[in-house]
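File shown: upload.txt (compact mmCIF, C-alpha atoms and all ligand atoms).
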# COMPACT_ATOMS: atom_id res chain seq x y z
CA MET A 8 -97.60 21.83 -31.46
CA SER A 9 -96.19 19.50 -28.82
CA ILE A 10 -93.14 20.38 -26.76
CA SER A 11 -89.91 18.56 -25.93
CA LYS A 12 -88.85 16.94 -22.69
CA ALA A 13 -86.39 19.77 -21.97
CA GLN A 14 -89.15 22.28 -22.53
CA LYS A 15 -91.51 20.42 -20.19
CA ARG A 16 -88.86 20.45 -17.49
CA ILE A 17 -88.34 24.18 -17.91
CA ILE A 18 -92.08 24.83 -17.65
CA ASN A 19 -92.34 22.76 -14.48
CA ASN A 20 -89.35 24.50 -12.95
CA ILE A 21 -90.82 27.92 -13.67
CA ASN A 22 -94.10 27.10 -12.04
CA GLU A 23 -95.93 23.81 -11.46
CA THR A 24 -99.24 25.34 -12.43
CA VAL A 25 -98.12 26.54 -15.86
CA GLN A 26 -99.88 24.87 -18.75
CA VAL A 27 -98.26 23.77 -21.95
CA SER A 28 -100.29 26.36 -23.85
CA HIS A 29 -98.35 29.10 -22.05
CA TRP A 30 -95.20 27.94 -23.80
CA HIS A 31 -96.66 29.06 -27.12
CA ASP A 32 -97.60 32.49 -25.81
CA TRP A 33 -94.86 35.01 -26.61
CA HIS A 34 -95.88 37.30 -23.76
CA TRP A 35 -95.38 34.41 -21.35
CA GLN A 36 -91.98 33.69 -22.91
CA MET A 37 -91.02 37.36 -22.46
CA ARG A 38 -92.22 37.48 -18.86
CA ASN A 39 -90.11 34.45 -18.07
CA CYS A 40 -86.88 35.47 -19.76
CA VAL A 41 -83.90 34.18 -17.83
CA ARG A 42 -81.95 37.13 -16.49
CA ASP A 43 -80.07 35.73 -13.50
CA LEU A 44 -77.84 32.82 -12.70
CA ASN A 45 -80.15 31.04 -10.26
CA SER A 46 -82.94 30.81 -12.81
CA PHE A 47 -80.48 29.68 -15.45
CA GLU A 48 -79.26 26.83 -13.24
CA ASN A 49 -82.69 25.87 -11.95
CA LEU A 50 -84.38 25.77 -15.29
CA LEU A 51 -81.65 23.74 -16.94
CA GLY A 52 -81.14 21.54 -13.89
CA ILE A 53 -77.42 22.22 -13.75
CA GLU A 54 -74.97 23.63 -11.25
CA LEU A 55 -72.08 25.94 -12.03
CA THR A 56 -68.87 26.17 -10.04
CA ASP A 57 -68.17 29.09 -7.69
CA ASP A 58 -65.54 30.30 -10.11
CA GLN A 59 -68.00 30.27 -12.99
CA ARG A 60 -70.57 32.13 -10.88
CA GLN A 61 -68.10 34.83 -9.97
CA LYS A 62 -66.98 35.38 -13.56
CA PHE A 63 -70.60 35.49 -14.59
CA SER A 64 -71.48 38.26 -12.16
CA HIS A 65 -68.56 40.39 -13.38
CA THR A 66 -69.71 40.06 -16.98
CA VAL A 67 -73.41 40.77 -16.47
CA ALA A 68 -72.54 43.88 -14.51
CA GLU A 69 -71.20 45.20 -17.81
CA PHE A 70 -73.39 43.38 -20.35
CA PRO A 71 -76.76 42.07 -19.08
CA MET A 72 -78.26 38.68 -19.92
CA SER A 73 -81.69 37.77 -21.20
CA ILE A 74 -82.63 34.36 -22.66
CA THR A 75 -86.12 33.25 -23.63
CA PRO A 76 -87.20 29.93 -22.08
CA TYR A 77 -87.60 28.66 -25.66
CA TYR A 78 -84.01 29.47 -26.69
CA LEU A 79 -82.75 28.17 -23.34
CA SER A 80 -84.47 24.83 -24.04
CA LEU A 81 -82.27 24.36 -27.13
CA ILE A 82 -79.06 24.28 -25.05
CA ASN A 83 -77.38 20.90 -24.97
CA THR A 84 -76.36 20.60 -21.31
CA ASP A 85 -74.16 17.56 -22.00
CA ASP A 86 -71.59 19.68 -23.81
CA MET A 87 -72.48 23.19 -22.77
CA GLU A 88 -69.13 24.89 -23.32
CA ASN A 89 -69.15 23.94 -27.00
CA ASP A 90 -72.85 24.44 -27.55
CA PRO A 91 -73.62 27.10 -30.19
CA ILE A 92 -76.86 28.10 -28.44
CA PHE A 93 -75.10 28.46 -25.09
CA ARG A 94 -72.25 30.46 -26.60
CA GLN A 95 -74.62 32.93 -28.23
CA SER A 96 -76.74 33.45 -25.14
CA PHE A 97 -74.72 32.93 -21.95
CA PRO A 98 -72.29 35.64 -20.78
CA SER A 99 -68.64 34.75 -21.07
CA VAL A 100 -65.91 36.32 -18.96
CA GLN A 101 -64.04 36.84 -22.24
CA GLU A 102 -66.49 39.66 -23.00
CA LEU A 103 -64.50 41.76 -20.53
CA ASP A 104 -61.31 41.07 -22.44
CA MET A 105 -61.04 44.41 -24.27
CA LYS A 106 -58.63 44.76 -27.16
CA ASP A 107 -56.92 47.88 -28.48
CA CYS A 108 -58.96 47.65 -31.68
CA ASP A 109 -62.30 47.53 -29.81
CA MET A 110 -64.50 50.55 -30.35
CA GLU A 111 -67.54 52.04 -28.69
CA ASP A 112 -69.43 52.54 -31.95
CA PRO A 113 -67.29 51.05 -34.75
CA LEU A 114 -69.93 51.57 -37.44
CA HIS A 115 -70.38 55.24 -36.51
CA GLU A 116 -74.12 54.72 -36.25
CA ASP A 117 -74.38 57.53 -33.74
CA ALA A 118 -72.34 59.89 -35.93
CA ASP A 119 -74.34 59.35 -39.13
CA CYS A 120 -77.49 60.17 -37.24
CA PRO A 121 -79.46 63.11 -38.66
CA ALA A 122 -82.57 62.42 -36.56
CA PRO A 123 -83.27 60.39 -33.42
CA CYS A 124 -83.15 56.65 -34.19
CA ILE A 125 -82.10 57.22 -37.82
CA THR A 126 -78.78 56.23 -39.38
CA HIS A 127 -78.57 57.61 -42.90
CA ARG A 128 -75.50 56.09 -44.52
CA TYR A 129 -76.52 55.20 -48.06
CA PRO A 130 -78.21 57.64 -50.43
CA ASP A 131 -81.50 55.81 -50.97
CA ARG A 132 -82.13 53.95 -47.70
CA VAL A 133 -82.12 54.53 -43.96
CA LEU A 134 -81.77 52.44 -40.85
CA PHE A 135 -84.56 53.25 -38.38
CA LEU A 136 -84.00 51.93 -34.84
CA VAL A 137 -87.52 51.60 -33.50
CA SER A 138 -86.97 49.47 -30.41
CA ASN A 139 -84.13 49.21 -27.96
CA THR A 140 -85.03 45.85 -26.55
CA CYS A 141 -84.73 42.24 -27.62
CA ALA A 142 -86.15 38.94 -26.44
CA MET A 143 -82.68 37.47 -26.17
CA TYR A 144 -79.51 39.48 -25.70
CA CYS A 145 -77.09 38.00 -28.22
CA ARG A 146 -73.62 37.88 -26.75
CA HIS A 147 -72.25 38.94 -30.14
CA CYS A 148 -74.51 42.00 -30.44
CA THR A 149 -72.89 44.83 -32.38
CA ARG A 150 -75.02 47.35 -30.46
CA LYS A 151 -74.02 45.86 -27.12
CA ARG A 152 -73.21 49.37 -25.92
CA THR A 153 -76.93 50.18 -25.76
CA VAL A 154 -78.37 46.88 -24.52
CA GLY A 155 -80.27 47.52 -21.32
CA ASP A 156 -79.55 51.24 -21.61
CA ARG A 157 -82.87 52.81 -20.78
CA ASP A 158 -81.90 56.24 -22.10
CA SER A 159 -81.80 55.04 -25.66
CA ILE A 160 -85.30 53.58 -25.78
CA PRO A 161 -87.01 55.49 -28.57
CA CYS A 162 -89.95 57.44 -27.21
CA GLU A 163 -93.04 58.45 -29.14
CA ASN A 164 -91.47 61.79 -30.08
CA ASP A 165 -88.27 60.18 -31.36
CA MET A 166 -90.30 57.90 -33.58
CA LEU A 167 -92.33 60.80 -34.92
CA ALA A 168 -89.12 62.72 -35.63
CA GLY A 169 -87.72 59.69 -37.47
CA ILE A 170 -90.86 59.41 -39.60
CA GLU A 171 -90.71 63.13 -40.28
CA TYR A 172 -87.08 62.85 -41.41
CA ILE A 173 -88.03 60.11 -43.88
CA ARG A 174 -91.01 62.13 -45.09
CA ASN A 175 -88.78 65.13 -45.76
CA ASN A 176 -86.09 63.18 -47.61
CA LYS A 177 -87.47 62.24 -50.99
CA GLY A 178 -84.38 60.19 -51.83
CA VAL A 179 -85.26 57.52 -49.26
CA ARG A 180 -86.97 54.66 -51.06
CA ASP A 181 -86.12 51.86 -48.61
CA VAL A 182 -86.65 51.98 -44.84
CA LEU A 183 -84.97 49.36 -42.72
CA LEU A 184 -86.56 48.88 -39.31
CA SER A 185 -84.19 47.48 -36.73
CA GLY A 186 -83.37 47.98 -33.09
CA GLY A 187 -83.33 46.17 -30.74
CA ASP A 188 -85.96 44.03 -32.31
CA PRO A 189 -88.91 45.76 -34.02
CA PHE A 190 -91.09 42.76 -33.15
CA MET A 191 -90.81 43.70 -29.48
CA LEU A 192 -93.36 46.40 -30.33
CA SER A 193 -97.02 45.47 -30.04
CA ASP A 194 -98.98 44.59 -33.17
CA GLU A 195 -100.91 47.86 -32.78
CA LYS A 196 -97.79 50.01 -32.56
CA LEU A 197 -96.18 48.26 -35.53
CA ASP A 198 -99.37 48.59 -37.53
CA TRP A 199 -99.37 52.33 -36.83
CA LEU A 200 -95.67 52.70 -37.69
CA LEU A 201 -95.93 50.74 -40.94
CA GLY A 202 -99.05 52.72 -41.87
CA GLU A 203 -97.20 56.01 -41.33
CA LEU A 204 -94.29 54.85 -43.49
CA ARG A 205 -96.65 53.55 -46.18
CA SER A 206 -98.33 56.93 -46.36
CA ILE A 207 -95.01 58.41 -47.58
CA GLU A 208 -95.10 58.27 -51.34
CA HIS A 209 -91.36 57.90 -51.99
CA VAL A 210 -90.98 54.94 -49.58
CA GLU A 211 -91.08 51.97 -51.93
CA ILE A 212 -90.15 49.14 -49.59
CA ILE A 213 -90.05 48.54 -45.87
CA ARG A 214 -87.66 46.02 -44.39
CA ILE A 215 -87.72 44.58 -40.91
CA GLY A 216 -84.69 43.01 -39.24
CA THR A 217 -85.76 40.63 -36.49
CA ARG A 218 -84.31 37.70 -34.60
CA THR A 219 -87.65 36.57 -33.20
CA PRO A 220 -88.00 33.60 -35.61
CA VAL A 221 -84.78 32.31 -33.98
CA VAL A 222 -85.17 33.17 -30.30
CA LEU A 223 -88.93 33.68 -29.94
CA PRO A 224 -90.77 32.02 -32.85
CA GLN A 225 -93.99 32.28 -30.79
CA ARG A 226 -93.98 35.99 -31.71
CA ILE A 227 -94.86 35.17 -35.32
CA THR A 228 -98.59 34.78 -34.72
CA PRO A 229 -101.31 34.54 -37.39
CA ALA A 230 -102.49 38.00 -36.28
CA LEU A 231 -99.03 39.52 -36.76
CA VAL A 232 -98.59 38.20 -40.28
CA GLN A 233 -102.11 39.29 -41.30
CA MET A 234 -101.24 42.79 -40.10
CA LEU A 235 -97.85 42.84 -41.91
CA LYS A 236 -99.50 41.71 -45.12
CA LYS A 237 -101.55 44.92 -45.27
CA HIS A 238 -98.36 46.97 -45.65
CA HIS A 239 -96.70 45.20 -48.56
CA PRO A 240 -94.07 45.31 -49.97
CA VAL A 241 -92.56 44.27 -46.62
CA TRP A 242 -89.30 42.30 -46.61
CA ILE A 243 -87.90 40.54 -43.56
CA ASN A 244 -84.35 39.65 -42.67
CA THR A 245 -83.80 37.26 -39.82
CA HIS A 246 -80.65 36.10 -38.07
CA PHE A 247 -79.95 32.35 -37.92
CA ASN A 248 -76.34 31.49 -37.18
CA HIS A 249 -76.43 27.72 -36.75
CA PRO A 250 -78.51 24.90 -38.28
CA ARG A 251 -79.57 23.77 -34.78
CA GLU A 252 -81.62 26.97 -34.49
CA ILE A 253 -83.92 25.85 -37.29
CA THR A 254 -86.38 23.92 -35.12
CA THR A 255 -89.97 22.88 -35.78
CA SER A 256 -91.19 26.09 -34.12
CA ALA A 257 -88.80 28.23 -36.15
CA LYS A 258 -89.91 26.49 -39.35
CA GLN A 259 -93.52 27.22 -38.55
CA ALA A 260 -92.75 30.90 -37.93
CA LEU A 261 -90.87 31.15 -41.24
CA ALA A 262 -93.69 29.40 -43.10
CA ARG A 263 -96.23 31.85 -41.69
CA LEU A 264 -94.16 34.81 -42.89
CA ALA A 265 -93.49 33.29 -46.31
CA ASP A 266 -97.14 32.28 -46.74
CA VAL A 267 -98.29 35.91 -46.59
CA GLY A 268 -95.83 36.75 -49.35
CA ILE A 269 -92.98 38.27 -47.33
CA PRO A 270 -89.62 37.67 -49.02
CA LEU A 271 -87.29 36.30 -46.35
CA GLY A 272 -83.55 36.82 -46.06
CA ASN A 273 -81.03 35.81 -43.43
CA GLN A 274 -78.06 37.67 -42.00
CA SER A 275 -75.53 35.49 -40.18
CA VAL A 276 -72.54 36.63 -38.22
CA LEU A 277 -69.38 34.60 -38.53
CA LEU A 278 -68.63 33.57 -34.93
CA SER A 279 -65.67 31.68 -33.56
CA GLY A 280 -66.78 28.47 -31.90
CA VAL A 281 -70.32 28.77 -33.27
CA ASN A 282 -70.34 28.59 -37.06
CA ASP A 283 -66.76 29.12 -38.26
CA CYS A 284 -66.85 25.91 -40.25
CA PRO A 285 -67.65 25.40 -43.96
CA ARG A 286 -69.74 22.30 -43.24
CA ILE A 287 -71.85 24.03 -40.59
CA MET A 288 -72.42 26.99 -42.87
CA ARG A 289 -73.36 24.73 -45.75
CA ALA A 290 -75.88 22.88 -43.59
CA LEU A 291 -77.26 26.23 -42.42
CA VAL A 292 -77.77 27.73 -45.88
CA HIS A 293 -79.40 24.54 -47.15
CA LYS A 294 -81.82 24.46 -44.25
CA LEU A 295 -82.62 28.14 -44.76
CA ALA A 296 -83.32 27.66 -48.46
CA ALA A 297 -85.53 24.66 -47.68
CA ASN A 298 -87.56 27.01 -45.48
CA ARG A 299 -87.83 29.70 -48.17
CA VAL A 300 -85.17 31.93 -46.61
CA ARG A 301 -82.50 33.34 -48.90
CA PRO A 302 -79.06 33.68 -47.23
CA TYR A 303 -78.38 37.40 -47.64
CA TYR A 304 -75.28 38.48 -45.72
CA LEU A 305 -72.55 36.74 -43.79
CA TYR A 306 -70.98 39.39 -41.56
CA GLN A 307 -67.43 39.52 -40.39
CA CYS A 308 -67.73 40.08 -36.62
CA ASP A 309 -67.55 43.80 -35.81
CA LEU A 310 -64.98 45.61 -33.67
CA SER A 311 -67.53 46.45 -30.97
CA LYS A 312 -66.41 46.11 -27.37
CA GLY A 313 -66.77 42.69 -25.80
CA LEU A 314 -66.71 40.66 -29.02
CA SER A 315 -63.00 39.83 -29.34
CA HIS A 316 -63.48 36.16 -28.45
CA PHE A 317 -65.99 35.76 -31.30
CA ARG A 318 -63.80 37.21 -34.05
CA THR A 319 -62.21 35.08 -36.75
CA PRO A 320 -59.62 36.00 -39.35
CA VAL A 321 -61.18 37.26 -42.61
CA GLY A 322 -59.64 34.19 -44.25
CA LYS A 323 -62.19 32.00 -42.46
CA GLY A 324 -65.03 33.79 -44.21
CA ILE A 325 -63.30 33.51 -47.57
CA GLU A 326 -62.72 29.82 -46.96
CA ILE A 327 -66.43 29.39 -46.25
CA LEU A 328 -67.41 31.21 -49.44
CA GLU A 329 -64.90 29.12 -51.38
CA SER A 330 -66.72 26.03 -50.15
CA LEU A 331 -70.12 27.42 -51.17
CA ILE A 332 -69.67 29.18 -54.51
CA GLY A 333 -70.12 26.65 -57.29
CA HIS A 334 -70.57 23.82 -54.81
CA THR A 335 -74.17 24.71 -54.09
CA SER A 336 -77.13 26.65 -55.50
CA GLY A 337 -76.24 30.25 -56.30
CA PHE A 338 -79.04 31.62 -54.13
CA CYS A 339 -77.70 29.68 -51.12
CA VAL A 340 -74.53 31.77 -51.11
CA PRO A 341 -74.64 34.86 -48.89
CA THR A 342 -72.55 37.93 -49.63
CA TYR A 343 -69.68 38.01 -47.15
CA VAL A 344 -69.25 41.57 -45.88
CA ILE A 345 -67.05 43.56 -43.57
CA ASP A 346 -68.93 46.52 -42.13
CA ALA A 347 -66.22 49.15 -42.39
CA PRO A 348 -65.14 50.73 -39.11
CA GLY A 349 -65.72 54.46 -39.28
CA GLY A 350 -69.04 54.17 -41.06
CA GLY A 351 -67.90 53.16 -44.54
CA GLY A 352 -70.74 50.67 -44.78
CA LYS A 353 -70.71 47.05 -45.87
CA ILE A 354 -67.84 46.01 -48.09
CA PRO A 355 -68.19 42.68 -49.90
CA VAL A 356 -65.22 40.33 -49.82
CA MET A 357 -64.78 37.09 -51.70
CA PRO A 358 -62.27 34.72 -53.23
CA ASN A 359 -60.58 35.87 -56.43
CA TYR A 360 -61.85 34.30 -59.63
CA LEU A 361 -60.20 36.68 -62.10
CA ILE A 362 -56.60 35.48 -62.35
CA SER A 363 -55.24 37.70 -65.08
CA TRP A 364 -56.17 39.63 -68.21
CA SER A 365 -54.82 41.22 -71.34
CA THR A 366 -56.40 43.60 -73.85
CA ASN A 367 -58.56 40.91 -75.41
CA LYS A 368 -58.77 38.05 -72.96
CA VAL A 369 -59.40 37.34 -69.32
CA VAL A 370 -58.13 34.32 -67.42
CA LEU A 371 -60.47 32.91 -64.80
CA ARG A 372 -60.56 29.96 -62.47
CA ASN A 373 -63.64 28.11 -61.32
CA TYR A 374 -64.54 26.45 -58.01
CA GLU A 375 -62.88 23.18 -59.10
CA GLY A 376 -59.59 24.91 -59.84
CA VAL A 377 -60.07 24.69 -63.61
CA ILE A 378 -58.31 27.63 -65.27
CA THR A 379 -60.15 28.97 -68.24
CA THR A 380 -60.24 31.95 -70.58
CA TYR A 381 -62.91 34.27 -71.82
CA LYS A 382 -62.26 35.97 -75.14
CA GLU A 383 -63.41 39.55 -75.17
CA PRO A 384 -65.01 41.13 -78.26
CA ASP A 385 -62.57 42.26 -80.99
CA SER A 386 -64.34 45.53 -81.22
CA TYR A 387 -66.63 47.36 -78.91
CA GLU A 388 -67.83 50.83 -79.66
CA PRO A 389 -67.87 52.50 -76.25
CA THR A 390 -70.65 55.01 -76.25
CA PHE A 391 -69.72 58.32 -74.73
CA CYS A 392 -72.04 58.87 -71.81
CA ASP A 393 -72.47 62.29 -70.31
CA ARG A 394 -75.61 61.12 -68.54
CA ASN A 395 -77.67 63.15 -70.94
CA CYS A 396 -80.28 60.42 -71.02
CA ASP A 397 -82.77 62.33 -73.20
CA LYS A 398 -80.37 62.00 -76.14
CA CYS A 399 -79.46 58.35 -75.55
CA ASP A 400 -80.63 55.47 -77.77
CA LEU A 401 -80.96 53.13 -74.80
CA GLN A 402 -84.47 53.14 -73.43
CA LEU A 403 -84.29 54.36 -69.88
CA SER A 404 -87.49 55.51 -68.34
CA LEU A 405 -86.55 58.83 -66.81
CA ALA A 406 -89.62 58.72 -64.65
CA ASP A 407 -87.59 56.35 -62.51
CA GLY A 408 -85.37 59.06 -61.20
CA ASP A 409 -82.48 61.30 -62.08
CA GLU A 410 -79.45 59.31 -63.13
CA ARG A 411 -77.19 62.27 -63.74
CA ASN A 412 -75.48 62.46 -60.39
CA SER A 413 -73.09 59.70 -59.55
CA ILE A 414 -70.96 59.30 -56.46
CA GLY A 415 -67.88 57.35 -55.48
CA ILE A 416 -66.15 54.95 -57.83
CA GLU A 417 -69.16 55.16 -60.15
CA LYS A 418 -68.27 58.84 -60.61
CA LEU A 419 -64.66 57.99 -61.53
CA LEU A 420 -65.92 55.56 -64.17
CA SER A 421 -68.36 57.96 -65.77
CA ASN A 422 -67.73 60.37 -68.64
CA SER A 423 -70.05 62.97 -67.27
CA ASN A 424 -67.74 64.86 -64.96
CA ASP A 425 -64.13 65.90 -64.65
CA THR A 426 -63.25 64.16 -61.40
CA ILE A 427 -60.04 62.20 -61.89
CA ALA A 428 -59.35 61.15 -58.32
CA LEU A 429 -60.98 60.78 -54.93
CA VAL A 430 -58.58 61.93 -52.27
CA PRO A 431 -58.85 61.01 -48.58
CA ARG A 432 -59.40 64.01 -46.37
CA ASP A 433 -56.18 63.44 -44.42
CA ASN A 434 -53.93 62.69 -47.39
CA GLU A 435 -50.57 64.13 -46.25
CA ARG A 436 -49.29 64.94 -49.72
CA HIS A 437 -52.37 67.05 -50.40
CA GLU A 438 -52.15 68.68 -47.01
CA ARG A 439 -48.62 69.83 -47.90
CA ARG A 440 -49.98 71.40 -51.08
CA ASP A 441 -52.62 73.34 -49.24
CA GLU A 442 -50.06 75.08 -47.09
C1 LIG B 1 -76.84 47.47 -43.50
C2 LIG B 1 -77.31 48.83 -43.51
C3 LIG B 1 -78.27 49.24 -44.44
C4 LIG B 1 -78.83 48.31 -45.48
O1 LIG B 1 -77.85 47.87 -46.36
P1 LIG B 1 -78.21 46.86 -47.52
O2 LIG B 1 -76.90 46.52 -48.11
O3 LIG B 1 -79.12 47.59 -48.44
O4 LIG B 1 -78.90 45.69 -46.90
C5 LIG B 1 -78.67 50.55 -44.40
N1 LIG B 1 -78.17 51.42 -43.50
C6 LIG B 1 -77.25 51.06 -42.60
C7 LIG B 1 -76.73 52.07 -41.64
C8 LIG B 1 -76.80 49.74 -42.56
O5 LIG B 1 -75.89 49.37 -41.65

Take the structure I supplied and represent it as structure tokens, if you would.
Ligand SMILES: *Cc1c(COP(=O)(O)O)cnc(C)c1O
Amino acid sequence: MSISKAQKRIINNINETVQVSHWHDWHWQMRNCVRDLNSFENLLGIELTDDQRQKFSHTVAEFPMSITPYYLSLINTDDMENDPIFRQSFPSVQELDMKDCDMEDPLHEDADCPAPCITHRYPDRVLFLVSNTCAMYCRHCTRKRTVGDRDSIPCENDMLAGIEYIRNNKGVRDVLLSGGDPFMLSDEKLDWLLGELRSIEHVEIIRIGTRTPVVLPQRITPALVQMLKKHHPVWINTHFNHPREITTSAKQALARLADVGIPLGNQSVLLSGVNDCPRIMRALVHKLAANRVRPYYLYQCDLSKGLSHFRTPVGKGIEILESLIGHTSGFCVPTYVIDAPGGGGKIPVMPNYLISWSTNKVVLRNYEGVITTYKEPDSYEPTFCDRNCDKCDLQLSLADGDERNSIGIEKLLSNSNDTIALVPRDNERHERRDE
């Protein structure tokens, strides 16, 4: 693959003797990550003001910088301040602008942590943080608190303990590898890790969350995808936030992954000044779908420290969904979620389509604003369900697991237990009763 003029200039500025082939070598890209201001200026051929330099040094003291030469080459230097690539990769002094609502660990990932590197929040799946490093340090990182923190790099023993936890918890059918970026591990290490997880009978699927197709597409080598293919079913979620990130190199990386049968999803974060625009998001989801990537989640920006300048009102996300649902292919519409502070997990949010209802009719509106009705059946014989599936006429294969125990709202809806309410732990009225 040939390279652009900007990329050639970066190569020459790094070292006159570098060959073009180095550009396509992910180890070379990693070795030459831009971590200081001088390199940033030299490689892009720009000069920042003294004021900008001073603000920069304050910010990186708190939150370090790392940008791959590849991702750097996508920056449009003619309008840098408004450039979505620049905004996602270059430290802003606004990161130091802490708000009262900012939290150290808003998603309580450290609290819901039964083993090193494991967050076990949902009954049937776990998050397994297998690497603490990334090719590029996203300025909007939700785990910013640990970026560059050497203490939290998982060691061999932590990984073994994580695997052991999964092995001992038969309810875990889905393991989500994240980090950091799992693709910062070597092919050999990943091969070993995936093999260990595959050897656990109750692990049905393995998912990998990686931003390398966006910031380091060179990482997706033929050797890597051949290795991944051995461990199917493997699913991958990547993290494109702006259509400009879908370059020729990124497309090739995605094609390699899709060609070995890996289902691809994308998780975007809604970011002020980057993609908080219905037209940008529509262009992004169309480009993703054209490259066999299904838009999976659109995240409301978390309450982690240093992200306040990226946050939008929730209404912006709803406006974006309003402009997608019905207007474009159903599978191009991501689920918009707020990851609940305090560890409540992802909560989907969307526009309202159900306007009203009575005992036999519902009133709905569609994306065009047409108001319509759906007539409900005159009679419906609700079958009493006590989750005694052996006696039920519906054909559920019980080999697929015990369905008797329900939790949460599902429990309130079921006939199989006497729970009539779920009460928050610190409900004051109930606390008065207990006295
Ligand atoms: C997001 C997340 C998952 C996976 O959730 P899905 O909705 O299944 O994609 C699992 N564990 C944790 C802690 C998460 O944050």

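Across the structure, CA of Ala68 (chain A) and CA of Asp112 (chain A) are spaced 19.7 Å apart.
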
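For ligand LIG 1 (chain B), the set of protein, DNA and RNA residues within 9 Å, based on only C-alpha atoms and all ligand atoms, reads Leu114, His115, Glu116, Asp119, Ile125, Thr126, His127, Arg128, Tyr129, Asp131, Arg132, Val133, Leu134, Phe135, Asp181, Val182, Leu183, Tyr303, Tyr304, Asp346, Gly350, Gly352 and Lys353 of chain A.
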
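Coordinates place CA of Arg214 (chain A) at a distance of 13.8 Å from CA of Asp198 (chain A).
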
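If you measure from each of A:Thr366, A:Asn395, A:Ser80, A:Asn422 to Glu252 (chain A) using all atoms listed in the file, the closest one turns out to be A:Ser80.
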
Pick the closest to Val267 (chain A) from A:His246, A:Arg174, A:Lys236, A:Arg289: which is it, counting only C-alpha atoms? A:Lys236

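Nearest residue to Val100 (chain A) among A:Val67, A:Met87, A:Leu201, A:Cys308 is A:Val67, counting all atoms listed in the file.
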
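Across the model, the gap from CA of Tyr343 (chain A) to CA of Gly324 (chain A) is 6.9 Å.
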
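Distance annotation: of A:Asn175, A:Asn39, A:Gln14, A:Asn244, the residue with the minimal separation from Leu271 (chain A) is A:Asn244; atom set is only C-alpha atoms.
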
9 Å contact set for Ser185 (chain A), all atoms listed in the file, chain neighbours under 3 positions out, as a PyMOL selection string: chain A and resi 134-139+188-189+214-217

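Neighbouring residues of Ser315 (chain A) at 8 Å or closer, counting all atoms listed in the file and skipping chain neighbours under 2 positions away, are Gln101, Glu102, Asp104, Met105, Lys106, Asp109, Leu310, Lys312, Gly313, Phe317 and Arg318 of chain A.
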
Between A:Arg16, A:Arg394, A:His209, A:His437, smallest distance to Gly52 (chain A) by all atoms listed in the file belongs to A:Arg16

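The environment of region 60-65 of chain A within 7 Å, counting all atoms listed in the file and disregarding residues fewer than 4 places along the same chain, consists of Leu55, Thr56, Pro98, Ser99 and Val100 of chain A.
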
For C-alpha atoms, I'd like the residues from the last selection saved as an mmCIF file, keeping the file's coordinate frame.
data_model
loop_
_atom_site.group_PDB
_atom_site.id
_atom_site.type_symbol
_atom_site.label_atom_id
_atom_site.label_comp_id
_atom_site.auth_asym_id
_atom_site.auth_seq_id
_atom_site.Cartn_x
_atom_site.Cartn_y
_atom_site.Cartn_z
ATOM 1 C CA LEU A 55 -72.080 25.940 -12.030
ATOM 2 C CA THR A 56 -68.870 26.170 -10.040
ATOM 3 C CA PRO A 98 -72.290 35.640 -20.780
ATOM 4 C CA SER A 99 -68.640 34.750 -21.070
ATOM 5 C CA VAL A 100 -65.910 36.320 -18.960
#

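Nearest to Thr245 (chain A) of all the residues A:Pro91, A:Gly349, A:Pro302, A:Gly169 is A:Pro302, counting all atoms listed in the file.
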
I'd like the contact shell of region 326-341 of chain A - 7 Å cut-off, only C-alpha atoms, skipping same-chain residues fewer than 3 positions apart - returned as a count of residues only. 16

Please list as JSON, numbers by chain every residue within 9 Å of Ala230 (chain A), counting only C-alpha atoms and excluding residues in the same chain fewer than 4 positions away. {"A": [194, 234, 235]}

Would you put the residues from that selection into a file with C-alpha atoms, as a short mmCIF file (atom, residue, chain, number, x, y, z; two decimals), in the frame of the given file?
data_model
loop_
_atom_site.label_atom_id
_atom_site.label_comp_id
_atom_site.auth_asym_id
_atom_site.auth_seq_id
_atom_site.Cartn_x
_atom_site.Cartn_y
_atom_site.Cartn_z
CA ASP A 194 -98.98 44.59 -33.17
CA MET A 234 -101.24 42.79 -40.10
CA LEU A 235 -97.85 42.84 -41.91
#
